[in-house]
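A.B. asks: Below is one structure. I have some questions about it.
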Amino acid sequence: MSTNNIWTHKGTFLLAAVGSAVGLGNLWRFPYLAGENGGGAFLLVYIVTLCIVGVPILIAEILLGRSSRRSPIMGMRFLSRTHKASRAWESIGWLSAAAALIILSFYSVIAGWALHYTWRMLTGALIDADAATVASGFESLLASPSLLTLYHTLFIAASGLIVGLGVHRGIENALRLMMPALLVILLVILTYSVMHGDMPAAADFLLTLQLSDLSFEGWLAAMGQSFFTLSLGMGALMAYGAYMPGKASLSRTALAIVIIDTAVALIAGLAIFALVFGAELDPAEGPGLMFTTLPLAFTEMPGGSLIGAVFFVLVIGAAISSAISMIEPVAAFLVERFDLSRAQSVAIMTIACWGLGLLSVFSFNVWASDSPFHTALSISAFELMELLTHILMPLGGLMVALFAGWALTHGEIMKELQTSEGWLHTWRFLVRFVSPAAVAFIFLRAIPQIEGYLIPLIGAVVIVGAFAASRLFRAKHQPKH
Ligand code: PFF
């Protein structure tokens with residue numbers, strides 16, 4: 001059964017996709033990764049990765065959604081059948097559903113922290129607090145399973161409620177209300193940071209390139225970040241793409257998503273670092289940057305509690321608009337496949353994520369050191385979830401690129417992309433060879449045993465692999481293209 005839902009307006013897909021892309025990845029992850037990996041050097045590899053991996057795979061994913069007009073699992077089943085490709089490609093749908101479940105489970109826990117900080121800022125609990133008090137406040141939040149569970153529950157319930165109300169009544173209405181409000185808040189924060197922070201120091205840190213800061217770890221982080229921030233390999237954009245009106249230009253929309261997403265990350269990064277430098281704090285604090293360094297910076301500035309609360313409202317809103325895009329693909333699948341009602345499907349997905357999220361909640365406290373996970377894998381459940389994300393998203397993206405690049409005919413791609421022959425060929429070359437090779441290379445290079453001299457060999461193997469993939473799609477009846 002294909003979907004009957006189509007976004008009400010031509011521009012709604014862009015709104016929804018930006019809502020999905022802009023989230024904790026931009027406000028929390030990008031600034032701390034840039035802080036840890038040398039600022040400008042990180043930005044450079046990040047932008048290169050976006051161009052050769054992010055944009056092509058983003059287009060591929062939306063394309064598969066729109067041409068199948070189904071939820072990711074059913075859509076890949078349909079496309080592999082109609083293109084006489086192996087049924088194994090259906091695993092793209094299953095992989096993305098697993099990734100959505102895992103990511104949302106811990107995403108909701110982190111978004112819950114922002115709820116806590118909004119509350120603390122509003123009540124003035126952090127006024128005049130010193131570094132030790134702010135840091136111990138974060139530690140006591142993590143040490144409390146009941147508080148973490150409460151916030152996690154509130155966040156996931158709010159996201160589920162929006163999706164449960166339906167594509168038009170819930171998702172569209174919420175995004176139409178939230179996205180402009182979030183833009184205004186972002187500009188307020190930026191203005192505040194220009195007035196009270198040290199913007200030249202922030203710009204110097206984020207935009208000056210020190211070649212000596214370039215590192216393989218930075219590249220790896222940039223690659224993971226480009227998948228995470230563009231919501232790739234998780235079916236979110238495939239599901240949203242299925243509701244995209246046929247006439248809307250796919251390549252222009254994809255480019256707009258990447259530009260807006262990157263602009264938000266940069267603005268957030270500049271604003272956060274301006275405040276951090278203004279308060280003479282450490283920019284390389286890691287994941288605690290938003291929850292320990294930034295609140296401390298706010299406490300030292302005029303009207304900081306109020307602006308701090310507004311900032312954390314921005315974080316919550318951006319996270320909700322991303323979370324709904326993780327619920328939608330799986331919920332839509334349950335509706336299509338099992339004929340369940342939307343409310344039932346959303347409840348199943350939300351409750352499953354909530355339950356899985358408890359593993360992350362407990363990994364910060366009751367299971368902090370002697371968890372079954374720690375003992376077996378020597379990492380916490382939360383770290384395991386993050387690690388799985390970094391495997392599942394690129395893997396899903398790699399397969400999406402190969403399928404879109406090799407299985408779809410020239411005519412199908414032209415119909416969806418509505419672009420020049422030149423761009424079509426460039427995109428196809430990128431998704432057939434360049435993006436898969438880059439993803440596979442990064443994957444393999446992450447294995448410490450692999451020596452440098454093997455890298456060209458790995459590249460060659462990947463290219464031969466891509467050619468081999470093409471054989472999987474050579475159907476007898478298919479026109480040669
Ligand atoms: N892109 C979101 C962010 O940057 O926070 C995270 C995300 C949303 C990842 C949706 C995956 C997804 F399907």
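Chain lettering (A, B, ...) mirrors the order of the structure tokens, residue numbering begins at 1 for each chain separately, and ligand numbering begins at 1 in order of display.
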Which chains and residue numbers are within 7 Å of ligand 1, counting only C-alpha atoms and all ligand atoms, if I want them as a PyMOL selection string?
C.D. replies: chain A and resi 20-26+100+228-232+234-236+319+322-323+325-326
A.B. asks: Residues of region 131-242 of chain A that approach region 108-127 of chain A to 10 Å or less, counting only C-alpha atoms: could you list each one with the shortest pair of atoms and its distance in Å to one decimal, rows by chain and increasing residue number, as JSON lines?
C.D. replies:
{"residue": "A:Thr133", "atom": "CA", "partner": "A:Leu126", "partner_atom": "CA", "distance": 8.3}
{"residue": "A:Val134", "atom": "CA", "partner": "A:Leu126", "partner_atom": "CA", "distance": 7.2}
{"residue": "A:Gly137", "atom": "CA", "partner": "A:Leu126", "partner_atom": "CA", "distance": 9.1}
{"residue": "A:Phe138", "atom": "CA", "partner": "A:Trp113", "partner_atom": "CA", "distance": 8.9}
{"residue": "A:Leu141", "atom": "CA", "partner": "A:Trp113", "partner_atom": "CA", "distance": 8.0}
{"residue": "A:Leu142", "atom": "CA", "partner": "A:Trp113", "partner_atom": "CA", "distance": 8.8}
{"residue": "A:Leu147", "atom": "CA", "partner": "A:His116", "partner_atom": "CA", "distance": 8.5}
{"residue": "A:Leu148", "atom": "CA", "partner": "A:Val109", "partner_atom": "CA", "distance": 6.9}
{"residue": "A:Thr149", "atom": "CA", "partner": "A:Val109", "partner_atom": "CA", "distance": 7.8}
{"residue": "A:Leu150", "atom": "CA", "partner": "A:Gly112", "partner_atom": "CA", "distance": 8.2}
{"residue": "A:Tyr151", "atom": "CA", "partner": "A:Gly112", "partner_atom": "CA", "distance": 4.5}
{"residue": "A:His152", "atom": "CA", "partner": "A:Val109", "partner_atom": "CA", "distance": 4.8}
{"residue": "A:Thr153", "atom": "CA", "partner": "A:Ser108", "partner_atom": "CA", "distance": 8.2}
{"residue": "A:Leu154", "atom": "CA", "partner": "A:Gly112", "partner_atom": "CA", "distance": 7.7}
{"residue": "A:Phe155", "atom": "CA", "partner": "A:Gly112", "partner_atom": "CA", "distance": 6.2}
{"residue": "A:Ile156", "atom": "CA", "partner": "A:Ser108", "partner_atom": "CA", "distance": 6.1}
{"residue": "A:Ala157", "atom": "CA", "partner": "A:Ser108", "partner_atom": "CA", "distance": 9.8}
{"residue": "A:Ser159", "atom": "CA", "partner": "A:Ser108", "partner_atom": "CA", "distance": 9.3}
A.B. asks: Suppose we keep N, CA and C atoms; can you now write the selection as a PDB file, in the first residue's frame?
C.D. replies:
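Final output, saved to selection-v5.pdb:
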ATOM      1  N   THR A 133      30.207  24.428  41.240  1.00  0.00           N
ATOM      2  CA  THR A 133      28.771  24.207  41.486  1.00  0.00           C
ATOM      3  C   THR A 133      28.073  23.761  40.204  1.00  0.00           C
ATOM      4  N   VAL A 134      28.401  24.438  39.085  1.00  0.00           N
ATOM      5  CA  VAL A 134      27.749  24.068  37.826  1.00  0.00           C
ATOM      6  C   VAL A 134      28.117  22.627  37.448  1.00  0.00           C
ATOM      7  N   GLY A 137      26.362  20.216  39.614  1.00  0.00           N
ATOM      8  CA  GLY A 137      24.946  20.162  39.266  1.00  0.00           C
ATOM      9  C   GLY A 137      24.710  19.180  38.129  1.00  0.00           C
ATOM     10  N   PHE A 138      25.608  19.201  37.136  1.00  0.00           N
ATOM     11  CA  PHE A 138      25.470  18.280  35.997  1.00  0.00           C
ATOM     12  C   PHE A 138      25.682  16.839  36.467  1.00  0.00           C
ATOM     13  N   LEU A 141      22.656  15.594  38.220  1.00  0.00           N
ATOM     14  CA  LEU A 141      21.579  15.242  37.276  1.00  0.00           C
ATOM     15  C   LEU A 141      21.824  13.832  36.729  1.00  0.00           C
ATOM     16  N   LEU A 142      23.064  13.589  36.284  1.00  0.00           N
ATOM     17  CA  LEU A 142      23.378  12.273  35.712  1.00  0.00           C
ATOM     18  C   LEU A 142      23.244  11.163  36.750  1.00  0.00           C
ATOM     19  N   LEU A 147      15.213  11.476  37.846  1.00  0.00           N
ATOM     20  CA  LEU A 147      15.127  12.735  37.088  1.00  0.00           C
ATOM     21  C   LEU A 147      15.353  12.489  35.594  1.00  0.00           C
ATOM     22  N   LEU A 148      16.381  11.697  35.295  1.00  0.00           N
ATOM     23  CA  LEU A 148      16.677  11.428  33.877  1.00  0.00           C
ATOM     24  C   LEU A 148      15.490  10.730  33.209  1.00  0.00           C
ATOM     25  N   THR A 149      14.889   9.787  33.932  1.00  0.00           N
ATOM     26  CA  THR A 149      13.742   9.068  33.355  1.00  0.00           C
ATOM     27  C   THR A 149      12.566  10.022  33.157  1.00  0.00           C
ATOM     28  N   LEU A 150      12.366  10.902  34.116  1.00  0.00           N
ATOM     29  CA  LEU A 150      11.259  11.857  33.996  1.00  0.00           C
ATOM     30  C   LEU A 150      11.415  12.712  32.733  1.00  0.00           C
ATOM     31  N   TYR A 151      12.606  13.300  32.565  1.00  0.00           N
ATOM     32  CA  TYR A 151      12.808  14.175  31.396  1.00  0.00           C
ATOM     33  C   TYR A 151      12.737  13.387  30.094  1.00  0.00           C
ATOM     34  N   HIS A 152      13.335  12.213  30.102  1.00  0.00           N
ATOM     35  CA  HIS A 152      13.312  11.343  28.912  1.00  0.00           C
ATOM     36  C   HIS A 152      11.863  11.031  28.545  1.00  0.00           C
ATOM     37  N   THR A 153      11.049  10.728  29.546  1.00  0.00           N
ATOM     38  CA  THR A 153       9.641  10.397  29.306  1.00  0.00           C
ATOM     39  C   THR A 153       8.890  11.597  28.744  1.00  0.00           C
ATOM     40  N   LEU A 154       9.109  12.767  29.348  1.00  0.00           N
ATOM     41  CA  LEU A 154       8.411  13.972  28.875  1.00  0.00           C
ATOM     42  C   LEU A 154       8.769  14.265  27.424  1.00  0.00           C
ATOM     43  N   PHE A 155      10.060  14.158  27.119  1.00  0.00           N
ATOM     44  CA  PHE A 155      10.501  14.504  25.768  1.00  0.00           C
ATOM     45  C   PHE A 155       9.925  13.543  24.735  1.00  0.00           C
ATOM     46  N   ILE A 156      10.030  12.265  25.022  1.00  0.00           N
ATOM     47  CA  ILE A 156       9.600  11.288  24.009  1.00  0.00           C
ATOM     48  C   ILE A 156       8.071  11.300  23.876  1.00  0.00           C
ATOM     49  N   ALA A 157       7.380  11.573  24.975  1.00  0.00           N
ATOM     50  CA  ALA A 157       5.911  11.627  24.910  1.00  0.00           C
ATOM     51  C   ALA A 157       5.468  12.808  24.056  1.00  0.00           C
ATOM     52  N   SER A 159       7.147  14.248  21.637  1.00  0.00           N
ATOM     53  CA  SER A 159       7.451  13.957  20.229  1.00  0.00           C
ATOM     54  C   SER A 159       6.433  12.969  19.666  1.00  0.00           C
TER      55      SER A 159
END
A.B. asks: Between A:Thr292, A:Phe311, A:Pro56, A:His9, which is the closest to Ser435 (chain A) once you count only C-alpha atoms?
C.D. replies: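 Selected residue with least distance to Ser435 (chain A): A:Pro56.
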A.B. asks: Please provide the set of residues having any atom within 12 Å of Gly11 (chain A), restricted to only C-alpha atoms, with same-chain residues fewer than 4 positions apart removed, written as a compact mmCIF listing (two decimals) with all heavy atoms, in the first residue's frame.
C.D. replies:
# COMPACT_ATOMS: atom_id res chain seq x y z
N ILE A 6 0.59 13.58 1.24
CA ILE A 6 1.50 14.46 0.49
C ILE A 6 1.52 15.77 1.28
O ILE A 6 0.49 16.22 1.74
CB ILE A 6 0.97 14.72 -0.95
CG1 ILE A 6 0.98 13.44 -1.81
CG2 ILE A 6 1.79 15.82 -1.65
CD1 ILE A 6 2.35 12.95 -2.24
N TRP A 7 2.72 16.37 1.43
CA TRP A 7 2.80 17.64 2.16
C TRP A 7 1.85 18.65 1.53
O TRP A 7 1.72 18.72 0.31
CB TRP A 7 4.22 18.21 2.12
CG TRP A 7 5.27 17.35 2.74
CD1 TRP A 7 6.32 16.77 2.10
CD2 TRP A 7 5.41 16.98 4.12
NE1 TRP A 7 7.10 16.06 2.99
CE2 TRP A 7 6.57 16.18 4.23
CE3 TRP A 7 4.68 17.24 5.28
CZ2 TRP A 7 7.00 15.64 5.44
CZ3 TRP A 7 5.12 16.70 6.48
CH2 TRP A 7 6.26 15.92 6.55
N LEU A 15 10.80 22.49 5.02
CA LEU A 15 10.62 22.81 6.43
C LEU A 15 10.83 21.55 7.29
O LEU A 15 11.54 21.57 8.31
CB LEU A 15 9.19 23.34 6.61
CG LEU A 15 8.85 24.01 7.93
CD1 LEU A 15 9.55 25.35 7.99
CD2 LEU A 15 7.33 24.21 8.05
N ALA A 16 10.22 20.46 6.85
CA ALA A 16 10.31 19.21 7.61
C ALA A 16 11.73 18.66 7.60
O ALA A 16 12.24 18.20 8.64
CB ALA A 16 9.34 18.18 7.03
N ALA A 17 12.38 18.73 6.44
CA ALA A 17 13.74 18.18 6.34
C ALA A 17 14.70 19.04 7.17
O ALA A 17 15.59 18.50 7.84
CB ALA A 17 14.17 18.14 4.88
N VAL A 18 14.52 20.35 7.14
CA VAL A 18 15.38 21.21 7.96
C VAL A 18 15.10 20.93 9.44
O VAL A 18 16.01 20.86 10.26
CB VAL A 18 15.17 22.71 7.61
CG1 VAL A 18 15.83 23.61 8.64
CG2 VAL A 18 15.73 23.00 6.23
N GLU A 172 3.06 18.71 10.37
CA GLU A 172 3.09 19.99 9.63
C GLU A 172 2.79 21.17 10.52
O GLU A 172 3.50 22.18 10.51
CB GLU A 172 2.06 19.95 8.49
CG GLU A 172 2.57 19.29 7.26
CD GLU A 172 1.71 19.60 6.02
OE1 GLU A 172 1.02 20.63 5.98
OE2 GLU A 172 1.74 18.78 5.11
N LEU A 175 5.63 21.91 12.95
CA LEU A 175 6.82 22.50 12.32
C LEU A 175 6.57 23.93 11.91
O LEU A 175 7.45 24.79 12.02
CB LEU A 175 7.21 21.67 11.09
CG LEU A 175 7.80 20.29 11.39
CD1 LEU A 175 7.92 19.48 10.12
CD2 LEU A 175 9.16 20.43 12.06
N ARG A 176 5.35 24.20 11.43
CA ARG A 176 5.04 25.56 10.99
C ARG A 176 5.10 26.55 12.16
O ARG A 176 5.41 27.71 12.00
CB ARG A 176 3.67 25.58 10.33
CG ARG A 176 3.79 26.19 8.97
CD ARG A 176 2.53 26.16 8.20
NE ARG A 176 2.53 25.04 7.28
CZ ARG A 176 1.49 24.27 7.05
NH1 ARG A 176 0.38 24.47 7.70
NH2 ARG A 176 1.58 23.29 6.18
N TYR A 243 6.46 11.95 0.95
CA TYR A 243 5.32 12.87 0.99
C TYR A 243 5.57 14.12 0.16
O TYR A 243 4.80 15.07 0.19
CB TYR A 243 5.03 13.31 2.44
CG TYR A 243 4.91 12.20 3.46
CD1 TYR A 243 5.27 12.40 4.78
CD2 TYR A 243 4.41 10.96 3.09
CE1 TYR A 243 5.18 11.37 5.72
CE2 TYR A 243 4.31 9.93 4.03
CZ TYR A 243 4.70 10.15 5.34
OH TYR A 243 4.60 9.14 6.25
N MET A 244 6.71 14.13 -0.55
CA MET A 244 7.09 15.35 -1.29
C MET A 244 6.34 15.42 -2.61
O MET A 244 6.36 14.45 -3.37
CB MET A 244 8.61 15.28 -1.54
CG MET A 244 9.22 16.53 -2.07
SD MET A 244 11.00 16.21 -2.25
CE MET A 244 11.58 17.78 -2.81
N PRO A 245 5.71 16.55 -2.92
CA PRO A 245 5.00 16.63 -4.19
C PRO A 245 5.95 16.39 -5.36
O PRO A 245 7.13 16.77 -5.28
CB PRO A 245 4.48 18.08 -4.21
CG PRO A 245 4.66 18.62 -2.85
CD PRO A 245 5.67 17.79 -2.15
N LYS A 247 6.38 17.73 -8.12
CA LYS A 247 6.93 18.86 -8.90
C LYS A 247 8.13 19.54 -8.23
O LYS A 247 8.94 20.14 -8.89
CB LYS A 247 5.83 19.89 -9.17
CG LYS A 247 4.95 19.51 -10.37
CD LYS A 247 4.11 20.69 -10.80
CE LYS A 247 2.68 20.46 -10.69
NZ LYS A 247 1.82 20.47 -9.67
N ALA A 248 8.22 19.44 -6.90
CA ALA A 248 9.29 20.17 -6.21
C ALA A 248 10.66 19.67 -6.66
O ALA A 248 10.89 18.48 -6.76
CB ALA A 248 9.12 19.98 -4.71
N SER A 249 11.59 20.62 -6.91
CA SER A 249 12.92 20.24 -7.39
C SER A 249 13.75 19.63 -6.26
O SER A 249 13.98 20.24 -5.22
CB SER A 249 13.66 21.46 -7.95
OG SER A 249 15.05 21.22 -7.91
N LEU A 250 14.19 18.42 -6.56
CA LEU A 250 14.87 17.66 -5.51
C LEU A 250 16.29 18.15 -5.24
O LEU A 250 16.69 18.30 -4.09
CB LEU A 250 14.88 16.21 -5.95
CG LEU A 250 14.88 15.16 -4.90
CD1 LEU A 250 14.22 13.92 -5.42
CD2 LEU A 250 16.27 14.87 -4.49
N ARG A 252 17.63 21.12 -5.84
CA ARG A 252 17.67 22.44 -5.22
C ARG A 252 17.27 22.36 -3.74
O ARG A 252 17.87 22.99 -2.88
CB ARG A 252 16.75 23.40 -5.98
CG ARG A 252 17.51 24.65 -6.36
CD ARG A 252 16.70 25.59 -7.24
NE ARG A 252 16.29 25.01 -8.50
CZ ARG A 252 15.07 25.18 -9.03
NH1 ARG A 252 14.16 25.86 -8.39
NH2 ARG A 252 14.76 24.65 -10.20
N THR A 253 16.25 21.52 -3.46
CA THR A 253 15.82 21.38 -2.07
C THR A 253 16.94 20.80 -1.22
O THR A 253 17.20 21.25 -0.10
CB THR A 253 14.58 20.47 -1.99
OG1 THR A 253 13.66 20.89 -2.97
CG2 THR A 253 13.93 20.49 -0.63
N ALA A 256 19.49 23.33 -0.42
CA ALA A 256 18.99 24.28 0.57
C ALA A 256 19.08 23.67 1.97
O ALA A 256 19.48 24.35 2.93
CB ALA A 256 17.55 24.67 0.25
N ILE A 257 18.76 22.38 2.10
CA ILE A 257 18.82 21.72 3.42
C ILE A 257 20.25 21.80 3.97
O ILE A 257 20.48 22.18 5.12
CB ILE A 257 18.40 20.24 3.33
CG1 ILE A 257 16.96 20.12 2.83
CG2 ILE A 257 18.57 19.52 4.67
CD1 ILE A 257 16.56 18.70 2.47
A.B. asks: I need the residue nearest Met195 (chain A) from this list: A:Ser251, A:Leu306, A:Trp89, A:Gly278. Use only C-alpha atoms for the distance.
C.D. replies: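 The shortest atom-to-atom distance to Met195 (chain A) comes from A:Gly278.
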A.B. asks: Rounded to one decimal in Å, what is the spacing between CA of Ser96 (chain A) and CA of Ile62 (chain A)?
C.D. replies: 13.6 Å
A.B. asks: Could you make a table, as CSV, of the residues of region 324-371 of chain A that have an atom within 7 Å of an atom of region 381-386 of chain A, each with its nearest atom pair and distance in Å to one decimal, counting only C-alpha atoms, in chain and number order?
C.D. replies:
residue,atom,partner,partner_atom,distance
A:Leu359,CA,A:Ala381,CA,6.0
A:Ser360,CA,A:Phe382,CA,4.6
A:Ser363,CA,A:Ala381,CA,5.7
A.B. asks: Filtering to N, CA, C and O atoms, could you give me those residues as a PDB file, in the first residue's frame?
C.D. replies:
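File selection21.pdb, as written:
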ATOM      1  N   LEU A 359      18.251   2.089  29.165  1.00  0.00           N
ATOM      2  CA  LEU A 359      19.627   1.573  29.244  1.00  0.00           C
ATOM      3  C   LEU A 359      20.609   2.742  29.335  1.00  0.00           C
ATOM      4  O   LEU A 359      21.557   2.716  30.121  1.00  0.00           O
ATOM      5  N   SER A 360      20.357   3.762  28.511  1.00  0.00           N
ATOM      6  CA  SER A 360      21.239   4.944  28.561  1.00  0.00           C
ATOM      7  C   SER A 360      21.102   5.661  29.896  1.00  0.00           C
ATOM      8  O   SER A 360      22.104   6.073  30.494  1.00  0.00           O
ATOM      9  N   SER A 363      22.961   3.847  32.453  1.00  0.00           N
ATOM     10  CA  SER A 363      24.413   3.777  32.251  1.00  0.00           C
ATOM     11  C   SER A 363      25.122   4.970  32.906  1.00  0.00           C
ATOM     12  O   SER A 363      26.324   4.945  33.088  1.00  0.00           O
TER      13      SER A 363
END
A.B. asks: With only C-alpha atoms as the atoms that count, which of A:Leu388, A:Ile316, A:Met76, A:Tyr107 lies nearest to Trp94 (chain A)?
C.D. replies: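 Comparing A:Leu388, A:Ile316, A:Met76, A:Tyr107 against Trp94 (chain A), the winner is A:Met76.
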A.B. asks: Between A:Ile442, A:Ala404, A:Ala368, A:Ala242, single out the one closest to Ala85 (chain A), counting only C-alpha atoms.
C.D. replies: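 For Ala85 (chain A), the nearest of the given residues is A:Ala404.
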A.B. asks: For Gly170 (chain A), work out the shell of residues within 12 Å, counting only C-alpha atoms and skipping chain neighbours fewer than 6 positions away, then give it as a list in words.
C.D. replies: Trp7, Ala16, Ala158, Ser159, Gly160, Leu161, Ile162, Val163, Gly164, Arg176, Leu177, Met178, Ser321, Ile324, Ser325, Glu328, Arg342 and Ala343 of chain A
A.B. asks: Only C-alpha atoms, please: the residues just picked out, written as a PDB file, in the first residue's frame.
C.D. replies:
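Result saved to selection-v6.pdb:
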ATOM      1  CA  TRP A   7       2.803  17.639   2.162  1.00  0.00           C
ATOM      2  CA  ALA A  16      10.307  19.207   7.609  1.00  0.00           C
ATOM      3  CA  ALA A 158       5.774  15.145  23.432  1.00  0.00           C
ATOM      4  CA  SER A 159       7.451  13.957  20.229  1.00  0.00           C
ATOM      5  CA  GLY A 160       5.149  10.916  20.015  1.00  0.00           C
ATOM      6  CA  LEU A 161       2.084  13.087  20.516  1.00  0.00           C
ATOM      7  CA  ILE A 162       2.974  15.281  17.549  1.00  0.00           C
ATOM      8  CA  VAL A 163       3.540  12.316  15.217  1.00  0.00           C
ATOM      9  CA  GLY A 164       0.433  10.580  16.579  1.00  0.00           C
ATOM     10  CA  ARG A 176       5.042  25.564  10.992  1.00  0.00           C
ATOM     11  CA  LEU A 177       4.835  26.890  14.511  1.00  0.00           C
ATOM     12  CA  MET A 178       8.193  25.766  15.820  1.00  0.00           C
ATOM     13  CA  SER A 321      11.601  18.510  15.333  1.00  0.00           C
ATOM     14  CA  ILE A 324       9.560  13.328  15.150  1.00  0.00           C
ATOM     15  CA  SER A 325      11.467  12.503  11.972  1.00  0.00           C
ATOM     16  CA  GLU A 328       7.673   8.818  11.477  1.00  0.00           C
ATOM     17  CA  ARG A 342      -1.418   5.772  13.506  1.00  0.00           C
ATOM     18  CA  ALA A 343      -1.889   6.090  17.263  1.00  0.00           C
TER      19      ALA A 343
END
A.B. asks: Using only C-alpha atoms, can you tell me which of A:Ile348, A:Val431, A:Ala440, A:Ala41 comes closest to Gln210 (chain A)?
C.D. replies: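 Going through A:Ile348, A:Val431, A:Ala440, A:Ala41 one by one, the smallest distance to Gln210 (chain A) is for A:Ala41.
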A.B. asks: Would you please work out which residue, of A:Leu165, A:Ala129, A:Leu387, A:Leu79, is nearest to Phe403 (chain A) when using only C-alpha atoms?
C.D. replies: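 Closest residue, counting only C-alpha atoms: A:Leu79.
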A.B. asks: Show me, as a VMD selection string, the residues that have an atom within 12 Å of Pro31 (chain A) when counting only C-alpha atoms, minus same-chain residues fewer than 5 positions from it.
C.D. replies: chain A and resid 24 to 26 36 to 40 42 to 43 202 205 to 206 222 225 262 264 to 274 276 283 to 290 293 to 294
A.B. asks: Just how far from CA of Arg77 (chain A) is CA of Thr409 (chain A), in Å to one decimal?
C.D. replies: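 So the two atoms, CA of Thr409 (chain A) and CA of Arg77 (chain A), lie 17.2 Å apart.
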A.B. asks: To test your reading of the structure, identify every residue in region 167-334 of chain A that backbone DSSP assigns to helix (DSSP H, G or I), and report it as a PyMOL selection string.
C.D. replies: chain A and resi 167-196+199-207+211-213+216-229+236-241+250-278+286-289+293-299+304-334
A.B. asks: Using only C-alpha atoms, which residues sit within 10 Å of Arg70 (chain A) once same-chain residues fewer than 2 positions away are excluded, as a ChimeraX atom specification?
C.D. replies: /A:1-5,64-68,72-79,238-243,329,332-333,336
A.B. asks: Would you write out those residues with N, CA and C atoms, as a compact mmCIF listing (two decimals), in the first residue's frame?
C.D. replies:
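Writing the result to again11.txt gives the following:
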# COMPACT_ATOMS: atom_id res chain seq x y z
N MET A 1 0.85 -1.19 0.00
CA MET A 1 0.00 0.00 0.00
C MET A 1 0.90 1.25 0.00
N SER A 2 0.73 2.12 -0.97
CA SER A 2 1.56 3.32 -0.96
C SER A 2 0.87 4.40 -0.12
N THR A 3 1.65 5.40 0.26
CA THR A 3 1.10 6.41 1.16
C THR A 3 0.16 7.37 0.44
N ASN A 4 -0.86 7.82 1.19
CA ASN A 4 -1.78 8.80 0.61
C ASN A 4 -1.39 10.20 1.04
N ASN A 5 -0.38 10.28 1.92
CA ASN A 5 0.00 11.59 2.45
C ASN A 5 0.92 12.33 1.49
N LEU A 64 14.92 8.05 -3.30
CA LEU A 64 14.34 6.72 -3.10
C LEU A 64 12.96 6.83 -2.44
N GLY A 65 12.84 7.77 -1.49
CA GLY A 65 11.55 7.95 -0.83
C GLY A 65 10.50 8.43 -1.80
N ARG A 66 10.87 9.46 -2.59
CA ARG A 66 9.84 10.02 -3.46
C ARG A 66 9.48 9.07 -4.59
N SER A 67 10.47 8.31 -5.10
CA SER A 67 10.09 7.45 -6.21
C SER A 67 9.34 6.21 -5.74
N SER A 68 9.48 5.84 -4.46
CA SER A 68 8.72 4.66 -3.99
C SER A 68 7.37 5.08 -3.38
N PRO A 72 10.26 3.65 4.46
CA PRO A 72 11.53 3.08 3.99
C PRO A 72 11.54 1.55 3.79
N ILE A 73 10.99 0.80 4.73
CA ILE A 73 11.07 -0.66 4.57
C ILE A 73 10.22 -1.11 3.38
N MET A 74 8.97 -0.66 3.34
CA MET A 74 8.09 -1.05 2.24
C MET A 74 8.60 -0.46 0.93
N GLY A 75 9.18 0.73 1.01
CA GLY A 75 9.69 1.40 -0.18
C GLY A 75 10.85 0.62 -0.79
N MET A 76 11.76 0.14 0.05
CA MET A 76 12.90 -0.61 -0.48
C MET A 76 12.46 -1.97 -1.01
N ARG A 77 11.43 -2.54 -0.36
CA ARG A 77 10.88 -3.81 -0.87
C ARG A 77 10.32 -3.58 -2.27
N PHE A 78 9.56 -2.49 -2.39
CA PHE A 78 8.94 -2.16 -3.68
C PHE A 78 10.00 -1.89 -4.75
N LEU A 79 11.00 -1.07 -4.40
CA LEU A 79 12.00 -0.70 -5.39
C LEU A 79 12.87 -1.88 -5.81
N MET A 238 13.89 9.67 3.78
CA MET A 238 13.20 8.81 2.82
C MET A 238 11.69 8.88 3.10
N ALA A 239 11.35 8.81 4.39
CA ALA A 239 9.93 8.86 4.77
C ALA A 239 9.34 10.21 4.42
N TYR A 240 10.06 11.28 4.74
CA TYR A 240 9.56 12.62 4.41
C TYR A 240 9.52 12.83 2.89
N GLY A 241 10.52 12.26 2.19
CA GLY A 241 10.57 12.39 0.73
C GLY A 241 9.37 11.74 0.07
N ALA A 242 8.84 10.69 0.71
CA ALA A 242 7.67 10.00 0.15
C ALA A 242 6.45 10.91 0.12
N TYR A 243 6.46 11.95 0.95
CA TYR A 243 5.32 12.87 0.99
C TYR A 243 5.57 14.12 0.16
N PRO A 329 9.25 7.34 10.18
CA PRO A 329 9.47 6.22 9.25
C PRO A 329 8.98 4.89 9.80
N ALA A 332 5.10 4.91 10.13
CA ALA A 332 4.47 4.79 8.81
C ALA A 332 4.55 3.34 8.32
N PHE A 333 5.68 2.68 8.62
CA PHE A 333 5.82 1.27 8.22
C PHE A 333 4.77 0.40 8.92
N GLU A 336 1.46 0.91 7.31
CA GLU A 336 1.38 0.31 5.96
C GLU A 336 1.35 -1.21 6.00
A.B. asks: Using only C-alpha atoms, determine which residues lie at most 10 Å from Gly233 (chain A), disregarding the query and same-chain residues fewer than 3 positions distant; provide the list as a ChimeraX atom specification.
C.D. replies: /A:57-58,61,92-93,95-97,99-100,227-228,230,236-238,389,392-401
